[in-house]
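Student: Provided below: model-v3.txt, containing compact mmCIF, C-alpha atoms.
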# COMPACT_ATOMS: atom_id res chain seq x y z
CA GLY A 1 80.26 296.38 -93.09
CA GLY A 2 82.07 294.44 -90.39
CA ALA A 3 82.92 294.03 -86.75
CA SER A 4 86.18 293.22 -84.99
CA GLY A 5 87.91 291.92 -88.09
CA ARG A 6 84.82 290.19 -89.54
CA PRO A 7 83.74 292.24 -92.58
CA ASP A 8 80.94 289.73 -93.21
CA VAL A 9 79.15 290.43 -89.91
CA ASP A 10 75.91 292.43 -90.01
CA VAL A 11 74.86 293.71 -86.57
CA VAL A 12 71.17 294.44 -85.96
CA LEU A 13 70.34 296.23 -82.70
CA VAL A 14 66.75 295.67 -81.57
CA ALA A 15 65.11 298.33 -79.41
CA ASN A 16 62.14 296.44 -77.96
CA ALA A 17 59.75 299.28 -77.04
CA PRO A 18 62.49 301.35 -75.37
CA THR A 19 61.46 303.99 -72.86
CA ASP A 20 64.80 305.50 -71.85
CA ALA A 21 65.08 308.16 -74.58
CA PRO A 22 63.41 309.35 -77.79
CA PRO A 23 64.56 307.76 -81.09
CA SER A 24 66.60 310.80 -82.12
CA ALA A 25 68.60 310.71 -78.89
CA ARG A 26 69.36 307.02 -79.30
CA ARG A 27 70.51 307.55 -82.87
CA ASP A 28 72.83 310.32 -81.68
CA ARG A 29 74.36 308.04 -79.05
CA ARG A 30 74.85 305.03 -81.34
CA PRO A 31 78.40 304.71 -82.76
CA ALA A 32 78.59 305.49 -86.45
CA HIS A 33 79.50 301.98 -87.62
CA PRO A 34 78.19 301.15 -91.10
CA PHE A 35 77.75 297.47 -90.21
CA ALA A 36 75.31 298.24 -87.36
CA ARG A 37 71.63 298.85 -88.02
CA SER A 38 68.71 299.19 -85.65
CA VAL A 39 65.18 297.83 -85.56
CA ARG A 40 62.66 299.60 -83.34
CA VAL A 41 59.67 297.68 -81.97
CA GLU A 42 57.12 300.27 -80.88
CA VAL A 43 55.05 297.96 -78.66
CA ASN A 44 56.80 295.30 -76.60
CA GLN A 45 55.18 292.02 -77.61
CA GLY A 46 57.71 289.85 -75.84
CA TYR A 47 61.35 288.83 -75.78
CA GLY A 48 60.91 286.42 -78.67
CA PHE A 49 59.01 288.94 -80.79
CA GLY A 50 61.88 291.40 -80.52
CA ILE A 51 64.44 288.79 -81.51
CA LEU A 52 62.32 287.58 -84.44
CA SER A 53 62.02 291.17 -85.65
CA GLY A 54 65.81 291.45 -85.69
CA LEU A 55 66.26 288.10 -87.42
CA ARG A 56 63.86 289.09 -90.20
CA ALA A 57 65.83 292.29 -90.76
CA ALA A 58 69.21 290.53 -90.85
CA ARG A 59 70.84 289.92 -94.24
CA GLY A 60 73.36 287.21 -93.42
CA ARG A 61 73.63 283.57 -94.44
CA VAL A 62 74.14 282.72 -90.76
CA LEU A 63 71.82 284.36 -88.23
CA GLY A 64 71.59 284.48 -84.48
CA TRP A 65 71.15 286.55 -81.37
CA THR A 66 72.73 287.45 -78.09
CA HIS A 67 71.69 289.71 -75.25
CA ALA A 68 72.42 293.42 -75.06
CA ASP A 69 72.57 293.57 -71.24
CA MET A 70 76.30 292.71 -71.34
CA GLN A 71 75.88 289.57 -69.24
CA THR A 72 77.48 287.85 -72.19
CA ASP A 73 80.36 289.33 -74.15
CA PRO A 74 79.20 290.41 -77.65
CA ALA A 75 82.52 289.04 -78.92
CA ASP A 76 81.21 285.55 -78.05
CA ALA A 77 79.05 285.82 -81.16
CA LEU A 78 82.20 286.13 -83.29
CA THR A 79 83.55 282.96 -81.67
CA GLY A 80 80.31 281.22 -82.56
CA PHE A 81 80.31 282.53 -86.13
CA ALA A 82 83.83 281.15 -86.60
CA LEU A 83 82.45 277.64 -86.05
CA PHE A 84 80.52 278.04 -89.30
CA ASP A 85 83.66 278.79 -91.31
CA GLY A 86 84.11 275.96 -93.78
CA ALA A 87 80.76 274.34 -92.94
CA ALA A 88 79.47 272.44 -95.96
CA ASP A 89 75.88 273.43 -95.16
CA PRO A 90 75.28 276.15 -92.52
CA ASP A 91 71.64 275.10 -92.31
CA ARG A 92 72.74 271.80 -90.76
CA LEU A 93 74.67 273.43 -87.91
CA PHE A 94 73.35 274.95 -84.69
CA VAL A 95 75.79 276.78 -82.40
CA LYS A 96 75.12 277.86 -78.83
CA GLY A 97 77.16 279.04 -75.88
CA ARG A 98 77.39 277.10 -72.63
CA ARG A 99 77.55 279.28 -69.54
CA GLN A 100 80.48 278.88 -67.14
CA HIS A 101 81.11 279.95 -63.52
CA ARG A 102 77.51 280.81 -62.66
CA PRO A 103 76.14 281.19 -59.10
CA LEU A 104 75.28 277.79 -57.65
CA GLY A 105 71.55 278.54 -57.34
CA ASP A 106 71.27 279.59 -60.99
CA ALA A 107 73.29 276.58 -62.14
CA VAL A 108 71.05 274.18 -60.18
CA PHE A 109 67.91 275.85 -61.55
CA THR A 110 69.23 275.60 -65.12
CA ALA A 111 70.22 271.96 -64.65
CA GLY A 112 66.76 271.11 -63.33
CA MET A 113 65.02 272.80 -66.24
CA GLY A 114 67.34 271.05 -68.69
CA MET A 115 66.62 267.65 -67.15
CA PHE A 116 62.87 268.28 -67.31
CA GLU A 117 62.98 269.37 -70.96
CA THR A 118 65.26 266.46 -71.89
CA LEU A 119 62.84 263.94 -70.40
CA LEU A 120 59.70 265.62 -71.76
CA LEU A 121 60.90 266.35 -75.29
CA ARG A 122 63.16 263.28 -75.56
CA GLN A 123 66.08 265.35 -76.83
CA PRO A 124 69.22 266.43 -74.93
CA MET A 125 68.42 269.99 -73.84
CA TRP A 126 71.02 271.55 -71.55
CA ASP A 127 71.57 275.22 -70.67
CA ILE A 128 68.75 276.19 -73.00
CA ASN A 129 68.92 279.95 -72.41
CA ALA A 130 72.67 280.34 -72.93
CA GLN A 131 73.79 282.86 -75.55
CA PRO A 132 74.76 283.41 -78.27
CA THR A 133 72.45 281.27 -80.43
CA LEU A 134 73.48 280.90 -84.10
CA PHE A 135 72.12 278.99 -87.11
CA GLY A 136 71.66 279.09 -90.87
CA ARG A 137 69.09 281.27 -92.62
CA GLY A 138 67.34 278.29 -94.18
CA PHE A 139 66.78 276.74 -90.74
CA PHE A 140 65.27 280.02 -89.50
CA GLU A 141 62.99 280.33 -92.52
CA SER A 142 61.63 276.84 -91.82
CA TRP A 143 60.26 277.81 -88.40
CA ASP A 144 56.51 277.62 -88.01
CA ASP A 145 54.70 279.78 -85.45
CA ALA A 146 57.76 280.52 -83.30
CA PRO A 147 56.85 281.82 -79.81
CA HIS A 148 57.04 285.52 -78.98
CA ASP A 149 58.13 285.11 -75.35
CA PHE A 150 61.11 283.59 -73.50
CA SER A 151 60.22 280.19 -74.96
CA LEU A 152 61.98 281.18 -78.20
CA ASP A 153 65.32 279.86 -76.89
CA LEU A 154 63.71 276.51 -76.13
CA TYR A 155 61.91 276.42 -79.48
CA ALA A 156 65.04 277.09 -81.54
CA PHE A 157 67.15 274.59 -79.61
CA TYR A 158 64.47 271.90 -79.76
CA MET A 159 63.87 272.37 -83.49
CA ALA A 160 67.61 271.97 -84.10
CA ARG A 161 67.68 268.74 -82.10
CA ALA A 162 64.47 267.37 -83.62
CA ARG A 163 65.71 267.98 -87.17
CA GLY A 164 69.04 266.34 -86.53
CA LEU A 165 71.25 269.42 -86.89
CA GLU A 166 74.80 269.16 -85.64
CA VAL A 167 74.88 271.05 -82.34
CA LYS A 168 78.12 272.69 -81.25
CA ARG A 169 78.51 274.28 -77.82
CA PHE A 170 81.34 276.49 -76.62
CA PRO A 171 82.08 277.99 -73.18
CA VAL A 172 81.02 281.56 -72.38
CA LEU A 173 81.22 283.58 -69.21
CA PHE A 174 77.96 284.91 -67.81
CA GLY A 175 78.34 287.93 -65.55
CA GLU A 176 76.19 290.55 -63.91
CA ARG A 177 73.89 292.70 -66.02
CA ALA A 178 75.36 296.03 -67.04
CA HIS A 179 72.06 297.28 -68.53
CA GLY A 180 68.39 296.61 -67.97
CA VAL A 181 66.55 294.55 -65.34
CA SER A 182 65.61 290.88 -65.52
CA HIS A 183 61.87 290.24 -65.76
CA TRP A 184 62.05 286.69 -64.39
CA ASN A 185 65.32 285.98 -62.57
CA VAL A 186 64.56 288.24 -59.62
CA ASN A 187 63.06 285.90 -56.99
CA TRP A 188 61.54 282.45 -56.67
CA ARG A 189 58.02 283.74 -57.33
CA ALA A 190 59.15 285.13 -60.68
CA LYS A 191 61.04 281.92 -61.41
CA ALA A 192 57.91 279.88 -60.59
CA LYS A 193 55.96 281.95 -63.13
CA PHE A 194 58.74 281.40 -65.69
CA ILE A 195 58.68 277.64 -65.00
CA ARG A 196 54.90 277.46 -65.36
CA ARG A 197 54.95 279.29 -68.72
CA THR A 198 57.85 277.16 -69.95
CA VAL A 199 56.14 273.92 -68.95
CA ASP A 200 52.91 274.99 -70.66
CA PHE A 201 54.81 275.79 -73.87
CA SER A 202 56.81 272.55 -73.66
CA LEU A 203 53.65 270.46 -73.33
CA ALA A 204 52.07 272.27 -76.29
CA LEU A 205 55.27 271.79 -78.32
CA ARG A 206 55.40 268.09 -77.54
CA LYS A 207 51.72 267.72 -78.50
CA ARG A 208 52.30 269.59 -81.77
CA ILE A 209 55.21 267.41 -82.90
CA SER A 210 53.93 264.05 -81.58
Do you think you could lay out the structure here as structure tokens?
Tutor:
Amino acid sequence: GGASGRPDVDVVLVANAPTDAPPSARRDRRPAHPFARSVRVEVNQGYGFGILSGLRAARGRVLGWTHADMQTDPADALTGFALFDGAADPDRLFVKGRRQHRPLGDAVFTAGMGMFETLLLRQPMWDINAQPTLFGRGFFESWDDAPHDFSLDLYAFYMARARGLEVKRFPVLFGERAHGVSHWNVNWRAKAKFIRRTVDFSLALRKRIS
């Protein structure tokens, strides 16, 4: 199969406990592209669990994820994949977008979280939740007890840094959601809960690798 001129791209669509329509209706609405497959998670066990389910179903040498809410352009993933072309060892490369032109409040929040994680984990960790996120299959298969919640972005990025992978960032635009509703970026109370969970995971991660 292929996508937008990349016959080597395998697209896996993850339906993380969807409630909008029965499976048959979603299949009818999905474009008939042979390169696109779907994975259905019956019970939502978290953002990270859904992504991990898709990664395990993927067949490529280079894996990754991006969001389906259209805040990021799906074509950004193709830009990221192109950075692997000619790589001697894809398992030694980690590619991630870097969000541009965000609202000031979100940019300040992201910068603060990045500074905290950089100081705590002693690795440069900026714009941790930017998408897409791409890496080699071997790197993915080396993960141990990856988190099932929003900490997955932090875990993947940190593991890449800690193992000395070459990290490449490229600019992406980050717009308004076209689909779905954010579960954390809705108000400062929700952000405080997100911060608390992230800090707890970060402390546990630091303890595990120290």
Student: Do you know which residues are at most 10 Å from Ala156 of chain A counting all atoms listed in the file, after dropping those on the same chain fewer than 4 positions away, and could you put them as number ranges by chain?
Tutor: A: 94, 128, 133-135, 139-140, 143, 146-147, 151-152, 160-162
Student: Give me the residues within 10 Å of Arg98 of chain A as a VMD selection string, counting only C-alpha atoms and dropping any in the same chain fewer than 4 places off.
Tutor: chain A and resid 126 to 132 168 to 174
Student: What is the distance, in Å and to one decimal place, between atom CA of Pro90 of chain A and atom CA of Thr72 of chain A?
Tutor: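 Taking atom CA of Pro90 of chain A as the start and atom CA of Thr72 of chain A as the end point, the length is 23.6 Å.
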Student: Go ahead and compute the interatomic distance for atom CA of Tyr158 of chain A and atom CA of Val43 of chain A, in Å to one decimal.
Tutor: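 Spanning atom CA of Tyr158 of chain A to atom CA of Val43 of chain A is a straight-line distance of 27.7 Å.
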Student: Compute the distance from (64.9, 298.5, -83.0) to each atom, counting all atoms listed in the file, keep the residues with any atom at most 7 Å away, and return them as a ChimeraX atom specification; use the coordinates of the file.
Tutor: /A:13-16,38-41
Student: Measure the distance from atom CA of Arg163 of chain A to atom CA of Arg92 of chain A in Å and round it to one decimal.
Tutor: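 The value is 8.8 Å.
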Student: Looking at A:Ala204, A:Ala75, A:Val9, A:Ala190, which one is nearest to Val62 of chain A, with distances taken over all atoms listed in the file?
Tutor: A:Val9
Student: Measuring atom to atom with all atoms listed in the file, identify which of A:Glu117, A:Val12, A:Val108, A:Ile195 is nearest to Arg56 of chain A.
Tutor: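 Selected residue with least distance to Arg56 of chain A: A:Val12.
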Student: Measuring atom to atom with all atoms listed in the file, identify which of A:Thr110, A:Phe49, A:Pro124, A:Glu42 is nearest to Met159 of chain A.
Tutor: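 Looking only at the distances to Met159 of chain A, the closest residue turns out to be A:Pro124.
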Student: So which one's closest to Pro74 of chain A, A:Arg37, A:Gly54, A:Ala87, A:Gly97? Using all atoms listed in the file, please.
Tutor: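 Of the candidates, the smallest distance to Pro74 of chain A is held by A:Gly97.
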Student: Determine the nearest neighbour of Glu141 of chain A from the options A:Arg122, A:Ser202, A:Arg61, A:Arg189, counting all atoms listed in the file.
Tutor: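 For Glu141 of chain A, the nearest of the given residues is A:Arg61.
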